[in-house]
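Below is work04.csv, which holds CSV, C-alpha atoms and all ligand atoms.
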chain,number,residue,atom,x,y,z
D,1,MET,CA,15.8,258.2,16.2
D,2,SER,CA,16.8,260.2,19.3
D,3,ILE,CA,20.2,259.8,20.7
D,4,GLU,CA,21.0,260.5,24.3
D,5,THR,CA,24.2,262.5,24.6
D,6,VAL,CA,26.8,261.0,26.9
D,7,ALA,CA,29.9,261.8,24.9
D,8,PRO,CA,31.8,265.0,25.3
D,9,LYS,CA,29.7,268.2,25.3
D,10,ALA,CA,32.7,270.0,23.9
D,11,ALA,CA,32.4,268.4,20.4
D,12,ASP,CA,29.3,267.4,18.7
D,13,ASN,CA,30.2,265.1,15.9
D,14,ARG,CA,27.2,262.9,15.8
D,15,MET,CA,25.8,261.7,12.6
D,16,ILE,CA,22.3,260.3,11.9
D,17,VAL,CA,22.2,256.6,12.9
D,18,GLY,CA,22.4,254.4,9.8
D,19,THR,CA,24.4,256.9,7.7
D,20,PRO,CA,27.3,255.2,5.8
D,21,LEU,CA,30.5,256.0,7.8
D,22,LEU,CA,33.1,253.5,6.8
D,23,GLU,CA,33.2,251.8,3.4
D,24,VAL,CA,36.1,249.4,2.8
D,25,ARG,CA,36.4,247.9,-0.7
D,26,ASN,CA,38.8,245.3,-1.9
D,27,LEU,CA,41.3,246.2,0.8
D,28,GLN,CA,44.5,244.3,0.3
D,29,VAL,CA,47.5,244.7,2.6
D,30,TRP,CA,50.7,242.7,1.9
D,31,PHE,CA,53.9,242.8,4.0
D,32,ASP,CA,57.4,242.6,2.4
D,33,THR,CA,59.3,239.9,4.3
D,34,PRO,CA,62.5,238.0,3.5
D,35,ARG,CA,60.3,234.9,3.1
D,36,GLY,CA,58.1,236.6,0.6
D,37,ASP,CA,54.9,238.7,0.6
D,38,VAL,CA,52.6,238.1,3.6
D,39,ARG,CA,49.1,238.6,2.3
D,40,ALA,CA,47.7,239.7,5.7
D,41,VAL,CA,44.5,241.2,4.3
D,42,GLY,CA,43.4,239.7,1.0
D,43,GLY,CA,40.5,241.7,-0.4
D,44,VAL,CA,38.2,242.8,2.4
D,45,ASP,CA,34.8,244.6,1.9
D,46,LEU,CA,33.3,246.0,5.0
D,47,ASP,CA,30.7,248.7,5.9
D,48,ILE,CA,30.1,250.4,9.2
D,49,GLU,CA,27.2,252.8,9.6
D,50,ALA,CA,27.0,255.6,12.1
D,51,GLY,CA,25.6,254.4,15.4
D,52,ARG,CA,26.1,250.7,14.6
D,53,ALA,CA,28.5,248.2,16.1
D,54,VAL,CA,30.4,245.7,13.9
D,55,GLY,CA,32.3,242.8,15.4
D,56,ILE,CA,35.4,241.4,13.6
D,57,VAL,CA,36.2,237.9,14.8
D,58,GLY,CA,38.9,235.4,14.0
D,59,GLU,CA,41.8,233.5,15.3
D,60,SER,CA,45.2,234.9,15.9
D,61,GLY,CA,46.9,235.9,12.7
D,62,SER,CA,43.6,236.2,10.7
D,63,GLY,CA,44.3,239.9,9.8
D,64,LYS,CA,42.1,241.7,12.3
D,65,SER,CA,44.7,244.1,13.5
D,66,VAL,CA,46.2,244.8,10.1
D,67,LEU,CA,42.7,245.6,8.9
D,68,SER,CA,42.1,248.1,11.7
D,69,ARG,CA,45.6,249.6,11.4
D,70,ALA,CA,45.0,250.1,7.6
D,71,ILE,CA,41.9,252.1,8.5
D,72,MET,CA,43.8,254.1,11.0
D,73,ARG,CA,46.8,254.3,8.7
D,74,ILE,CA,49.3,253.1,11.3
D,75,LEU,CA,50.7,250.2,9.4
D,76,ALA,CA,54.2,248.9,9.8
D,77,ARG,CA,56.8,250.3,7.3
D,78,ASN,CA,57.0,247.0,5.4
D,79,ALA,CA,53.2,247.2,4.6
D,80,ASN,CA,51.9,247.8,1.1
D,81,VAL,CA,48.3,248.7,0.5
D,82,LEU,CA,47.7,247.4,-2.9
D,83,PRO,CA,46.3,249.6,-5.7
D,84,GLY,CA,42.5,249.2,-6.0
D,85,SER,CA,42.1,249.2,-2.3
D,86,GLU,CA,39.6,251.7,-1.0
D,87,ILE,CA,38.9,252.9,2.5
D,88,ARG,CA,36.2,255.5,2.4
D,89,PHE,CA,35.4,257.3,5.7
D,90,ASN,CA,32.6,259.7,5.6
D,91,GLY,CA,33.0,260.0,1.9
D,92,MET,CA,36.8,260.6,2.0
D,93,ASP,CA,39.2,258.1,0.5
D,94,LEU,CA,41.6,257.6,3.4
D,95,THR,CA,44.2,255.8,1.2
D,96,LYS,CA,44.7,259.2,-0.5
D,97,VAL,CA,44.7,261.5,2.6
D,98,SER,CA,48.0,263.0,3.5
D,99,PRO,CA,49.6,261.9,6.8
D,100,LYS,CA,49.2,265.5,8.2
D,101,LYS,CA,45.5,265.6,7.4
D,102,ASN,CA,45.2,262.0,8.7
D,103,LYS,CA,46.6,263.0,12.0
D,104,HIS,CA,43.8,265.6,12.3
D,105,LEU,CA,41.2,262.9,11.8
D,106,TRP,CA,42.5,261.0,14.8
D,107,GLY,CA,40.5,261.7,17.9
D,108,VAL,CA,37.9,263.8,16.2
D,109,ASP,CA,36.8,261.4,13.5
D,110,LEU,CA,38.6,258.1,14.2
D,111,ALA,CA,39.9,256.8,17.4
D,112,MET,CA,41.3,253.5,18.6
D,113,VAL,CA,41.5,251.5,21.8
D,114,PHE,CA,44.4,249.0,21.9
D,115,GLN,CA,44.8,245.8,23.8
D,116,ASP,CA,47.5,247.2,25.9
D,117,PRO,CA,46.5,250.6,27.5
D,118,MET,CA,50.2,251.6,27.7
D,119,THR,CA,50.2,251.8,23.8
D,120,SER,CA,48.1,255.0,24.2
D,121,LEU,CA,49.3,256.3,27.6
D,122,THR,CA,52.5,258.0,28.4
D,123,PRO,CA,54.0,256.7,31.7
D,124,VAL,CA,55.7,260.0,32.7
D,125,LEU,CA,52.5,262.2,32.3
D,126,THR,CA,49.6,262.3,34.7
D,127,ILE,CA,46.3,261.0,33.2
D,128,GLY,CA,44.9,264.5,33.7
D,129,SER,CA,47.5,266.2,31.5
D,130,GLN,CA,47.2,263.5,28.8
D,131,LEU,CA,43.5,264.1,28.6
D,132,THR,CA,43.6,267.9,28.8
D,133,GLU,CA,46.4,268.0,26.1
D,134,THR,CA,44.2,266.0,23.7
D,135,LEU,CA,41.1,268.2,24.5
D,136,ARG,CA,43.1,271.4,24.0
D,137,TYR,CA,44.8,270.3,20.8
D,138,HIS,CA,41.7,269.0,19.0
D,139,LEU,CA,38.9,271.1,20.6
D,140,HIS,CA,40.8,274.3,21.5
D,141,LEU,CA,39.4,274.3,25.0
D,142,SER,CA,40.8,276.7,27.6
D,143,ARG,CA,43.0,275.1,30.4
D,144,ALA,CA,40.1,275.3,32.9
D,145,ALA,CA,37.4,274.0,30.5
D,146,ALA,CA,39.7,271.1,29.5
D,147,LYS,CA,40.2,270.1,33.1
D,148,GLU,CA,36.5,270.2,33.8
D,149,GLU,CA,35.8,268.1,30.7
D,150,ALA,CA,38.6,265.6,31.6
D,151,ILE,CA,37.2,265.0,35.1
D,152,ARG,CA,33.7,264.6,33.6
D,153,LEU,CA,35.1,262.0,31.1
D,154,LEU,CA,36.9,260.1,33.8
D,155,GLY,CA,33.7,259.9,35.8
D,156,LEU,CA,31.8,258.9,32.6
D,157,VAL,CA,34.0,255.8,32.1
D,158,GLY,CA,33.6,254.8,35.7
D,159,ILE,CA,36.8,256.0,37.4
D,160,PRO,CA,36.0,256.6,41.1
D,161,GLU,CA,37.0,260.0,42.5
D,162,PRO,CA,37.9,261.4,39.1
D,163,ALA,CA,39.2,264.7,40.5
D,164,THR,CA,41.8,262.8,42.6
D,165,ARG,CA,42.7,260.4,39.8
D,166,PHE,CA,43.2,263.4,37.4
D,167,ASP,CA,46.6,264.1,39.1
D,168,GLN,CA,47.8,260.5,39.1
D,169,TYR,CA,50.1,258.6,36.8
D,170,PRO,CA,49.2,255.5,34.8
D,171,HIS,CA,51.3,253.3,37.1
D,172,ASN,CA,49.0,254.4,40.0
D,173,LEU,CA,46.1,252.7,38.3
D,174,SER,CA,45.1,249.0,37.9
D,175,GLY,CA,45.0,247.5,34.4
D,176,GLY,CA,41.2,247.9,34.2
D,177,MET,CA,41.3,251.5,35.3
D,178,ARG,CA,44.1,252.3,32.8
D,179,GLN,CA,41.9,250.8,30.0
D,180,ARG,CA,39.1,253.0,31.2
D,181,VAL,CA,41.4,256.0,30.9
D,182,THR,CA,42.3,255.1,27.3
D,183,ILE,CA,38.6,254.8,26.5
D,184,ALA,CA,38.1,258.3,28.0
D,185,LEU,CA,41.0,259.5,25.8
D,186,ALA,CA,39.6,257.8,22.7
D,187,ILE,CA,36.0,259.2,23.1
D,188,SER,CA,37.2,262.6,24.4
D,189,CYS,CA,36.6,264.3,21.0
D,190,SER,CA,33.4,262.4,20.2
D,191,PRO,CA,34.9,260.3,17.3
D,192,LYS,CA,32.5,259.2,14.7
D,193,LEU,CA,34.1,255.7,14.6
D,194,LEU,CA,35.8,253.9,17.5
D,195,ILE,CA,38.0,250.9,16.8
D,196,ALA,CA,38.6,248.7,19.8
D,197,ASP,CA,41.2,246.0,19.0
D,198,GLU,CA,41.0,243.2,21.6
D,199,PRO,CA,40.4,245.9,24.3
D,200,THR,CA,40.0,243.4,27.2
D,201,THR,CA,42.2,240.4,26.5
D,202,ALA,CA,44.9,241.6,29.0
D,203,LEU,CA,42.3,242.0,31.8
D,204,ASP,CA,40.7,239.5,34.2
D,205,VAL,CA,37.3,238.1,33.3
D,206,THR,CA,35.1,240.4,35.6
D,207,VAL,CA,36.9,243.5,34.4
D,208,GLN,CA,36.6,242.4,30.8
D,209,GLN,CA,32.9,242.3,31.2
D,210,GLN,CA,32.8,245.8,32.7
D,211,ILE,CA,34.9,247.3,30.0
D,212,LEU,CA,32.9,245.7,27.2
D,213,ASP,CA,29.7,246.8,28.7
D,214,LEU,CA,31.1,250.3,29.1
D,215,LEU,CA,32.1,250.4,25.4
D,216,SER,CA,28.7,249.2,24.3
D,217,ASP,CA,26.9,251.7,26.5
D,218,LEU,CA,29.0,254.6,25.2
D,219,GLN,CA,28.5,253.4,21.6
D,220,ARG,CA,24.7,253.1,21.9
D,221,LYS,CA,24.2,256.4,23.8
D,222,SER,CA,26.6,258.5,21.8
D,223,GLY,CA,25.7,257.3,18.4
D,224,MET,CA,29.3,256.5,17.2
D,225,GLY,CA,30.2,253.6,15.0
D,226,LEU,CA,32.1,250.8,16.7
D,227,MET,CA,34.4,248.2,15.3
D,228,LEU,CA,34.9,245.6,18.0
D,229,ILE,CA,37.8,243.2,17.3
D,230,THR,CA,38.1,240.0,19.2
D,231,HIS,CA,39.1,236.3,18.8
D,232,ASP,CA,36.0,235.3,20.9
D,233,LEU,CA,32.6,235.2,19.2
D,234,GLY,CA,31.0,235.2,22.7
D,235,VAL,CA,32.2,238.8,23.1
D,236,VAL,CA,30.3,240.2,20.1
D,237,ALA,CA,27.0,238.3,20.9
D,238,GLY,CA,24.5,240.9,22.1
D,239,ARG,CA,27.0,243.8,21.7
D,240,THR,CA,27.1,244.2,17.9
D,241,ASP,CA,24.7,244.7,15.1
D,242,THR,CA,26.8,242.8,12.5
D,243,VAL,CA,29.5,240.2,12.8
D,244,ALA,CA,32.3,239.6,10.2
D,245,VAL,CA,34.3,236.4,10.6
D,246,MET,CA,37.9,236.6,9.2
D,247,TYR,CA,40.1,233.7,8.2
D,248,ALA,CA,43.5,234.0,6.6
D,249,GLY,CA,43.0,237.7,5.7
D,250,ARG,CA,39.5,237.4,4.3
D,251,ILE,CA,36.0,237.8,5.5
D,252,VAL,CA,34.5,234.3,5.2
D,253,GLU,CA,31.1,235.1,6.7
D,254,LYS,CA,29.1,238.3,7.5
D,255,ALA,CA,25.6,238.6,8.9
D,256,PRO,CA,23.4,240.5,11.3
D,257,THR,CA,24.5,239.2,14.7
D,258,PRO,CA,21.4,237.3,15.7
D,259,GLU,CA,21.2,235.8,12.2
D,260,LEU,CA,24.8,234.6,12.4
D,261,PHE,CA,24.2,232.8,15.7
D,262,GLU,CA,21.0,231.3,14.5
D,263,ARG,CA,22.0,230.2,11.0
D,264,MET,CA,25.8,230.1,10.8
D,265,ARG,CA,26.8,228.9,7.3
D,266,HIS,CA,30.6,228.7,7.3
D,267,PRO,CA,32.2,225.6,8.9
D,268,TYR,CA,34.9,227.9,10.5
D,269,THR,CA,32.2,230.1,12.1
D,270,ARG,CA,30.6,226.9,13.4
D,271,ALA,CA,33.9,225.8,15.0
D,272,LEU,CA,34.3,229.2,16.6
D,273,VAL,CA,30.7,229.1,18.0
D,274,ASP,CA,31.2,225.7,19.3
D,275,ALA,CA,34.4,226.8,21.1
D,276,ILE,CA,32.6,229.4,23.2
D,277,PRO,CA,32.6,228.1,26.7
D,278,ARG,CA,29.0,227.7,27.9
D,279,LEU,CA,28.3,228.6,31.4
D,280,SER,CA,25.2,226.6,31.3
D,281,HIS,CA,27.3,223.5,30.6
D,282,PRO,CA,29.9,223.8,33.4
D,283,GLY,CA,30.9,220.2,32.9
D,284,GLN,CA,31.6,220.7,29.3
D,285,MET,CA,34.1,223.5,29.4
D,286,ASP,CA,36.7,221.2,27.8
D,287,LEU,CA,35.2,221.6,24.3
D,288,PRO,CA,36.6,219.9,21.2
D,289,ALA,CA,39.1,222.4,19.7
D,290,LEU,CA,39.5,223.2,16.0
D,291,PRO,CA,42.4,221.1,14.8
D,292,GLY,CA,45.4,222.7,13.1
D,293,ARG,CA,46.5,226.4,12.8
D,294,PRO,CA,45.5,229.2,10.5
D,295,PRO,CA,47.9,229.5,7.6
D,296,VAL,CA,50.6,232.2,7.3
D,297,VAL,CA,49.6,233.6,3.9
D,298,ILE,CA,52.7,233.6,1.8
D,299,ASP,CA,52.2,232.2,-1.7
D,300,PRO,CA,48.9,230.5,-0.8
D,301,PRO,CA,48.0,227.4,-2.8
D,302,PRO,CA,44.8,227.5,-4.8
D,303,GLY,CA,41.6,226.7,-3.2
D,304,CYS,CA,39.8,227.6,0.1
D,305,ALA,CA,42.3,228.6,2.8
D,306,PHE,CA,40.3,226.7,5.4
D,307,ALA,CA,40.2,223.4,3.4
D,308,PRO,CA,43.0,221.7,5.4
D,309,ARG,CA,41.0,222.2,8.6
D,310,CYS,CA,37.5,221.9,7.3
D,311,PRO,CA,35.4,218.8,8.1
D,312,SER,CA,33.2,219.5,5.0
D,313,ALA,CA,36.1,219.9,2.4
D,314,GLN,CA,35.5,218.4,-1.0
D,315,PRO,CA,37.7,218.1,-4.1
D,316,LYS,CA,36.4,221.4,-5.5
D,317,CYS,CA,37.6,223.2,-2.3
D,318,LEU,CA,41.2,222.3,-3.1
D,319,VAL,CA,41.3,224.0,-6.5
D,320,GLN,CA,38.9,226.9,-6.4
D,321,THR,CA,38.7,229.8,-4.0
D,322,PRO,CA,35.2,230.6,-2.8
D,323,VAL,CA,34.1,234.3,-2.8
D,324,LEU,CA,31.9,236.0,-0.3
D,325,GLU,CA,28.4,235.9,-1.7
D,326,SER,CA,25.1,236.9,-0.1
D,327,THR,CA,22.2,234.5,0.2
D,328,PRO,CA,19.5,236.0,-2.1
D,329,GLY,CA,17.1,238.3,-0.3
D,330,THR,CA,19.2,238.5,2.9
D,331,ASP,CA,22.3,240.4,4.1
D,332,HIS,CA,23.9,237.2,5.2
D,333,SER,CA,27.0,236.4,3.1
D,334,VAL,CA,29.4,233.4,3.2
D,335,ALA,CA,32.5,232.3,1.3
D,336,CYS,CA,32.0,228.6,1.0
D,337,PHE,CA,31.0,226.1,-1.7
D,338,PHE,CA,29.2,223.8,0.8
D,339,PRO,CA,27.6,226.1,3.4
D,340,LEU,CA,26.1,224.5,6.5
D,341,GLY,CA,22.4,224.1,6.5
D,342,THR,CA,22.1,223.7,2.7
D,343,PRO,CA,21.5,220.4,0.9
D,344,ALA,CA,25.0,220.6,-0.6
D,345,GLY,CA,26.7,221.4,2.7
D,346,ASP,CA,24.8,218.7,4.6
D,347,ALA,CA,25.7,216.1,1.9
D,348,ALA,CA,29.4,217.1,2.0
D,349,ARG,CA,29.6,216.8,5.8
D,350,GLN,CA,27.8,213.5,5.8
D,351,ALA,CA,30.0,212.1,3.1
D,352,ASN,CA,33.1,213.0,4.9
D,353,ALA,CA,31.7,211.7,8.2
D,354,ALA,CA,31.0,208.3,6.5
D,355,ALA,CA,34.5,208.2,4.9
D,356,GLY,CA,36.1,209.3,8.2
D,357,THR,CA,38.3,211.8,6.2
D,358,THR,CA,38.0,214.9,4.1
D,359,ALA,CA,39.2,215.7,0.5
D,360,ALA,CA,42.2,217.5,2.1
D,361,GLY,CA,43.2,214.2,3.8
D,362,THR,CA,42.2,215.5,7.3
D,363,VAL,CA,40.6,213.0,9.7
D,364,PHE,CA,36.9,214.0,9.9
D,365,TYR,CA,36.1,215.7,13.2
D,366,THR,CA,33.1,217.5,14.7
D,367,THR,CA,33.1,220.4,17.1
D,368,ASP,CA,29.4,219.8,18.0
D,369,VAL,CA,28.6,220.1,21.7
D,370,ILE,CA,26.8,216.8,22.5
D,401,LIG,N1,54.9,244.0,10.0
D,401,LIG,C1,54.6,242.8,9.6
D,401,LIG,N2,55.4,242.1,8.8
D,401,LIG,C2,55.1,240.8,8.4
D,401,LIG,N3,54.0,240.2,8.7
D,401,LIG,C3,53.1,240.9,9.5
D,401,LIG,C4,53.4,242.2,10.0
D,401,LIG,N4,52.3,242.6,10.8
D,401,LIG,C5,51.5,241.5,10.8
D,401,LIG,N5,51.9,240.5,10.0
D,401,LIG,C6,51.3,239.2,9.7
D,401,LIG,O1,50.0,239.5,9.2
D,401,LIG,C7,49.1,238.5,9.6
D,401,LIG,C8,47.9,239.2,10.2
D,401,LIG,O2,48.3,239.7,11.5
D,401,LIG,P1,47.3,240.5,12.5
D,401,LIG,O3,48.1,241.1,13.5
D,401,LIG,O4,46.4,241.3,11.7
D,401,LIG,O5,46.5,239.3,13.1
D,401,LIG,P2,45.3,239.3,14.2
D,401,LIG,O6,44.1,238.7,13.5
D,401,LIG,O7,45.2,240.7,14.7
D,401,LIG,O8,45.9,238.3,15.3
D,401,LIG,P3,45.8,238.5,16.9
D,401,LIG,O9,44.5,237.9,17.3
D,401,LIG,O10,47.0,237.6,17.3
D,401,LIG,O11,46.0,239.9,17.3
D,401,LIG,C9,49.8,237.6,10.5
D,401,LIG,O12,50.3,236.5,9.7
D,401,LIG,C10,51.0,238.4,10.9
D,401,LIG,O13,52.1,237.6,11.2
D,402,LIG,S1,33.4,223.4,2.6
D,402,LIG,FE1,35.1,223.9,1.2
D,402,LIG,S2,34.7,226.0,0.6
D,402,LIG,FE2,33.5,225.6,2.5
D,402,LIG,S3,34.9,226.2,4.1
D,402,LIG,FE3,35.1,224.0,3.8
D,402,LIG,S4,36.9,223.9,2.5
D,402,LIG,FE4,36.2,226.0,2.4
D,403,MG,MG,45.5,241.6,16.5

Encoded form (C-alpha cells):
Amino acid sequence: MSIETVAPKAADNRMIVGTPLLEVRNLQVWFDTPRGDVRAVGGVDLDIEAGRAVGIVGESGSGKSVLSRAIMRILARNANVLPGSEIRFNGMDLTKVSPKKNKHLWGVDLAMVFQDPMTSLTPVLTIGSQLTETLRYHLHLSRAAAKEEAIRLLGLVGIPEPATRFDQYPHNLSGGMRQRVTIALAISCSPKLLIADEPTTALDVTVQQQILDLLSDLQRKSGMGLMLITHDLGVVAGRTDTVAVMYAGRIVEKAPTPELFERMRHPYTRALVDAIPRLSHPGQMDLPALPGRPPVVIDPPPGCAFAPRCPSAQPKCLVQTPVLESTPGTDHSVACFFPLGTPAGDAARQANAAAGTTAAGTVFYTTDVI
C-alpha cells in the first residue's frame, strides 16, 4: 500500500501498514492509596498495528488515561505495574526499558497529545522555540533547518500565517490553535504511534471536529498508529479501524469499528451507543441515560463489574467474572455471559423486562431510542 508523506521530511519512521506496533498483554496497573489498592487497569490485552487507528472508549474513571500513561511510562508515583504485564512496542518490552532510553523513544517512536494543550506547552517560550528545540534534540537539525521545518509543521496542522505565529507565545493563541501546536509538536519527529487522550474535550464543538479530522488525516496519510481515547463513541465512528470499550479497568468489547456499531454485543456498549446524540433526531437529544456510576475498583466483589447497572444481569453475573472472548471466526470479542443478539442474551433481557428488575436488584431500564 502506498503512503503519501505529509509528516516531517526530516525523519522517516514509517513502517509497513499492518505491521504489529503495540502489543499489550495482561496489563495490570494498581495504585497504592490509603483506602486500599485501586485496580485502575485490570488485565488489558490490546494490539495496534502500524497505520491503524484504535479507539478506546469508556466513561470517566474506566482506566483509559492510566492505560495510555502506562504505555508512555508516565504513571503517578503510587502506581504499580504488576508482574506479568507486558507492553511490547515494535518488539521491545517497554516495562523493562530504562527511563533514560524511554525518554529517547518519546517523540521519535511514541508521542502523546493531552486534553489540555498546556500540559505539553511551556507558557514562557514561543511556540517556534518549543518546536525547534524538539526538532534539534531528536533529529539533530541545524537551527535554520529546524525553523524551516517548524514553520512547515505549523502550516501542516492548519495554523494560518505560520511564520508569524512561530514567534508568538501560547497565550497569544486560542485553545484550538494551541491544540494544533501540540499536535505539530507530537508529530514533529514522525512518531510510529500517537496517543491522543481526549484531545478535544476542552474545545468547542466546531473546533473539536476540525482537530479530530486533522488527527485522522495525519494518521492516514503518514501511516502512523493512532490510539484515540474518548468517552464518546460518536468520536471514534468513521475515524478508527477498531474500537475497544473499557469498563472498570478492563476491555469489555473489542471489534472492527463498523462491526461494533452494527452488532454491538455488550450491554454497556449498547448504552454508550444509545447515548450518542443523534443530529437526525433533534427532538430526542434528551436520551435516556445509563443509571448509576462506574465503580471505583478497590477490592471489587466477585462477578461482572457492570452487573449493578446492567439491564440483562442474571444470577451468574453476580458470582463469576466474564472474560473477553472472541466470537468464533471473527475478530469481535466480548466479556459478557449474555451478549446482546444471542439467544441467551435476548432471553436474559426479556426475563428482566418481564420481572421489572434484574438479578442485581436494579429496576429494569432500556436505553433504546424509540
Ligand atoms: N494516582 C492515582 N492514585 C489513585 N487512583 C488513581 C490515580 N490515578 C488514577 N486513579 C484512578 O484510576 C481509575 C482510572 O483513572 P483514569 O484516569 O484512567 O480514568 P479515565 O478513563 O481516563 O477517566 P476520564 O474520562 O475522566 O479521563 C480511576 O478510578 C482513578 O480515580
Ligand atoms: S449480562 Fe451479565 S455478564 Fe453481561 S454485562 Fe450484564 S452483568 Fe455483565
Ligand atoms: Mg482520562

Inset, instruction - Write as a ChimeraX atom specification the residues around ligand LIG 402 (chain D), taking 8 Å as the cut-off and counting all atoms listed in the file. - result: /D:266-268,303-314,316-318,321-322,335-339,345,348

Inset, instruction - Go through the chains and note each residue within 12 Å of ligand MG 403 (chain D), using all atoms listed in the file, then give the set as JSON, numbers by chain. - result: {"D": [40, 56, 57, 58, 59, 60, 61, 62, 63, 64, 65, 66, 67, 68, 69, 113, 114, 115, 116, 195, 196, 197, 198, 199, 201, 228, 229, 230, 231, 246, 249]}

Writing out the chosen residues with C-alpha atoms as a compact mmCIF listing (two decimals), in the frame of the given file:
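Once everything was written out, this is part_3.txt:
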# COMPACT_ATOMS: atom_id res chain seq x y z
CA ALA D 40 47.70 239.70 5.70
CA ILE D 56 35.40 241.40 13.60
CA VAL D 57 36.20 237.90 14.80
CA GLY D 58 38.90 235.40 14.00
CA GLU D 59 41.80 233.50 15.30
CA SER D 60 45.20 234.90 15.90
CA GLY D 61 46.90 235.90 12.70
CA SER D 62 43.60 236.20 10.70
CA GLY D 63 44.30 239.90 9.80
CA LYS D 64 42.10 241.70 12.30
CA SER D 65 44.70 244.10 13.50
CA VAL D 66 46.20 244.80 10.10
CA LEU D 67 42.70 245.60 8.90
CA SER D 68 42.10 248.10 11.70
CA ARG D 69 45.60 249.60 11.40
CA VAL D 113 41.50 251.50 21.80
CA PHE D 114 44.40 249.00 21.90
CA GLN D 115 44.80 245.80 23.80
CA ASP D 116 47.50 247.20 25.90
CA ILE D 195 38.00 250.90 16.80
CA ALA D 196 38.60 248.70 19.80
CA ASP D 197 41.20 246.00 19.00
CA GLU D 198 41.00 243.20 21.60
CA PRO D 199 40.40 245.90 24.30
CA THR D 201 42.20 240.40 26.50
CA LEU D 228 34.90 245.60 18.00
CA ILE D 229 37.80 243.20 17.30
CA THR D 230 38.10 240.00 19.20
CA HIS D 231 39.10 236.30 18.80
CA MET D 246 37.90 236.60 9.20
CA GLY D 249 43.00 237.70 5.70

Inset, instruction - Identify, on the basis of all atoms listed in the file, every residue whose closest approach to Ser333 of chain D does not exceed 6 Å; exclude the query and any residue fewer than 5 positions from it along the same chain; express the result as a list of chain:residue names. - result: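 Close residues of Ser333 of chain D: D:Glu253, D:Lys254, D:Leu324, D:Glu325, D:Ser326, D:Thr327.
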
Inset, instruction - Mind giving me the straight-line distance from atom CA of Asp109 of chain D to atom CA of Ser216 of chain D in Å, one decimal? - result: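 One can read the atom CA of Asp109 of chain D to atom CA of Ser216 of chain D distance as 18.2 Å.
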
Legend entry - Å distance separating atom CA of Leu141 of chain D from atom CA of Asp167 of chain D, one decimal place: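 Spanning atom CA of Leu141 of chain D to atom CA of Asp167 of chain D is a straight-line distance of 18.8 Å.
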
All residues 12 Å or closer to Arg263 of chain D, all atoms listed in the file, same chain fewer than 5 positions away omitted, as a PDB file with C-alpha atoms, in the coordinates of the input:
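Written out: selection.pdb:
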ATOM      1  CA  GLU D 253      31.100 235.100   6.700  1.00  0.00           C
ATOM      2  CA  LYS D 254      29.100 238.300   7.500  1.00  0.00           C
ATOM      3  CA  ALA D 255      25.600 238.600   8.900  1.00  0.00           C
ATOM      4  CA  PRO D 256      23.400 240.500  11.300  1.00  0.00           C
ATOM      5  CA  THR D 257      24.500 239.200  14.700  1.00  0.00           C
ATOM      6  CA  PRO D 258      21.400 237.300  15.700  1.00  0.00           C
ATOM      7  CA  THR D 269      32.200 230.100  12.100  1.00  0.00           C
ATOM      8  CA  ARG D 270      30.600 226.900  13.400  1.00  0.00           C
ATOM      9  CA  VAL D 273      30.700 229.100  18.000  1.00  0.00           C
ATOM     10  CA  THR D 327      22.200 234.500   0.200  1.00  0.00           C
ATOM     11  CA  THR D 330      19.200 238.500   2.900  1.00  0.00           C
ATOM     12  CA  HIS D 332      23.900 237.200   5.200  1.00  0.00           C
ATOM     13  CA  SER D 333      27.000 236.400   3.100  1.00  0.00           C
ATOM     14  CA  VAL D 334      29.400 233.400   3.200  1.00  0.00           C
ATOM     15  CA  PRO D 339      27.600 226.100   3.400  1.00  0.00           C
ATOM     16  CA  LEU D 340      26.100 224.500   6.500  1.00  0.00           C
ATOM     17  CA  GLY D 341      22.400 224.100   6.500  1.00  0.00           C
ATOM     18  CA  THR D 342      22.100 223.700   2.700  1.00  0.00           C
TER      19      THR D 342
END

Legend entry - Residue nearest ligand LIG 401 (chain D) - candidates D:Asn90, D:Ser142, D:Asp232, D:Thr206, atoms counted: all atoms listed in the file: D:Asp232

Legend entry - atom CA of Leu218 of chain D to atom CA of Leu185 of chain D, distance in Å rounded to a single decimal: 13.0 Å

Inset, instruction - Would you list the contacts of segment 94-103 of chain D as a PyMOL selection string, taking every protein, DNA or RNA residue within 9 Å and counting only C-alpha atoms, but skipping same-chain residues closer than 3 positions in sequence? - result: chain D and resi 70-73+81+85-89+106-107

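Distances to Val38 of chain D were evaluated for D:Ile211, D:His171, D:Asn80, D:Arg250 using all atoms listed in the file, and the minimum falls at D:Asn80.
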
Could I get segment 15-22 of chain D rebuilt with N, CA and C atoms, written as a compact mmCIF listing (two decimals), keeping the file's coordinate frame?
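part.txt, freshly written:
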# COMPACT_ATOMS: atom_id res chain seq x y z
N MET D 15 26.40 261.75 13.90
CA MET D 15 25.80 261.70 12.60
C MET D 15 24.45 260.91 12.79
N ILE D 16 23.60 260.99 11.77
CA ILE D 16 22.30 260.30 11.90
C ILE D 16 22.59 258.78 11.85
N VAL D 17 22.00 258.08 12.80
CA VAL D 17 22.20 256.60 12.90
C VAL D 17 21.82 255.98 11.55
N GLY D 18 22.71 255.12 11.07
CA GLY D 18 22.40 254.40 9.80
C GLY D 18 23.12 255.08 8.61
N THR D 19 23.68 256.29 8.78
CA THR D 19 24.40 256.90 7.70
C THR D 19 25.68 256.17 7.40
N PRO D 20 26.02 255.92 6.11
CA PRO D 20 27.30 255.20 5.80
C PRO D 20 28.46 256.01 6.41
N LEU D 21 29.33 255.30 7.11
CA LEU D 21 30.50 256.00 7.80
C LEU D 21 31.77 255.42 7.23
N LEU D 22 31.92 254.12 7.29
CA LEU D 22 33.10 253.50 6.80
C LEU D 22 32.75 252.52 5.66
